[in-house]
Amino acid sequence: MASGTAGYKQDLPPKGGYGPIEYARKLPRRGPSGYALFALGIGVAVFGYAQLFASNRRRREWWAEEIEVQVALCPLYKAEQDRLILRQYRSNLEEEAKIMEGVEGWVVGESVYHNKKWNTPQPVEILNLRPKEDMVRKVQGYTYNI
């Protein structure tokens, strides 16, 4: 090969050199800053706790009102229960009179206990002359069908 320079031209940088290469990312700002997001989170938490405390206060007031209603209605419930017991007791006395009419010395409605104090009878005692299903339903309540 010949050592001449006539066949090609060397590729050289321009005079003054190349410009700087931009390699840094220049993305536009998207959304709020971290401090703004943190402040927003704190604000949402404070608002949520305020709502929670207010709803708990309303629930406590509602609960206290429900308790007052139950206390006020308790005598009415007890009177209604006593009325139902006495009605069933009267029905039992009539049934006892029919069953024991031929037995000498039997006094209908005489207490088997030797005291004058009224004892509220248990449902088993009151419902013993009713069909068995009524007694079981009354004594066991809703668990009868489970």
# chains A, B, ... in the order shown; residues from 1 in each chain; ligands from 1

call {"tool": "select_by_dssp", "arguments": {"residues": "stretch 76-128 of chain A", "states": "helix (DSSP H, G or I)", "output": "list of chain:residue names"}}
result
A:Leu76, A:Tyr77, A:Lys78, A:Ala79, A:Glu80, A:Gln81, A:Asp82, A:Arg83, A:Leu84, A:Ile85, A:Leu86, A:Arg87, A:Gln88, A:Tyr89, A:Arg90, A:Ser91, A:Asn92, A:Leu93, A:Glu94, A:Glu95, A:Glu96, A:Ala97, A:Lys98, A:Ile99, A:Pro123, A:Val124, A:Glu125, A:Ile126

call {"tool": "closest_atom_pairs", "arguments": {"of": "stretch 43-92 of chain A", "to": "stretch 111-132 of chain A", "cutoff": "8 Å", "atoms": "only C-alpha atoms", "output": "tab-separated table"}}
result
residue	atom	partner	partner_atom	distance
A:Ile85	CA	A:Ile126	CA	7.2
A:Gln88	CA	A:Ile126	CA	6.7
A:Tyr89	CA	A:Ile126	CA	6.3
A:Asn92	CA	A:Leu129	CA	6.6

call {"tool": "write_last_selection", "arguments": {"atoms": "N, CA and C atoms", "output": "JSON list (two decimals), in the first residue's frame"}}
result
[["chain", "number", "residue", "atom", "x", "y", "z"],
["A", 85, "ILE", "N", -99.77, -14.75, 82.23],
["A", 85, "ILE", "CA", -99.62, -15.85, 83.18],
["A", 85, "ILE", "C", -100.94, -16.10, 83.91],
["A", 88, "GLN", "N", -103.45, -17.82, 81.62],
["A", 88, "GLN", "CA", -103.16, -19.24, 81.48],
["A", 88, "GLN", "C", -103.43, -19.99, 82.78],
["A", 89, "TYR", "N", -103.17, -19.32, 83.92],
["A", 89, "TYR", "CA", -103.44, -19.94, 85.21],
["A", 89, "TYR", "C", -104.94, -20.19, 85.39],
["A", 92, "ASN", "N", -105.84, -23.07, 83.34],
["A", 92, "ASN", "CA", -105.38, -24.29, 84.00],
["A", 92, "ASN", "C", -106.33, -24.70, 85.13]]
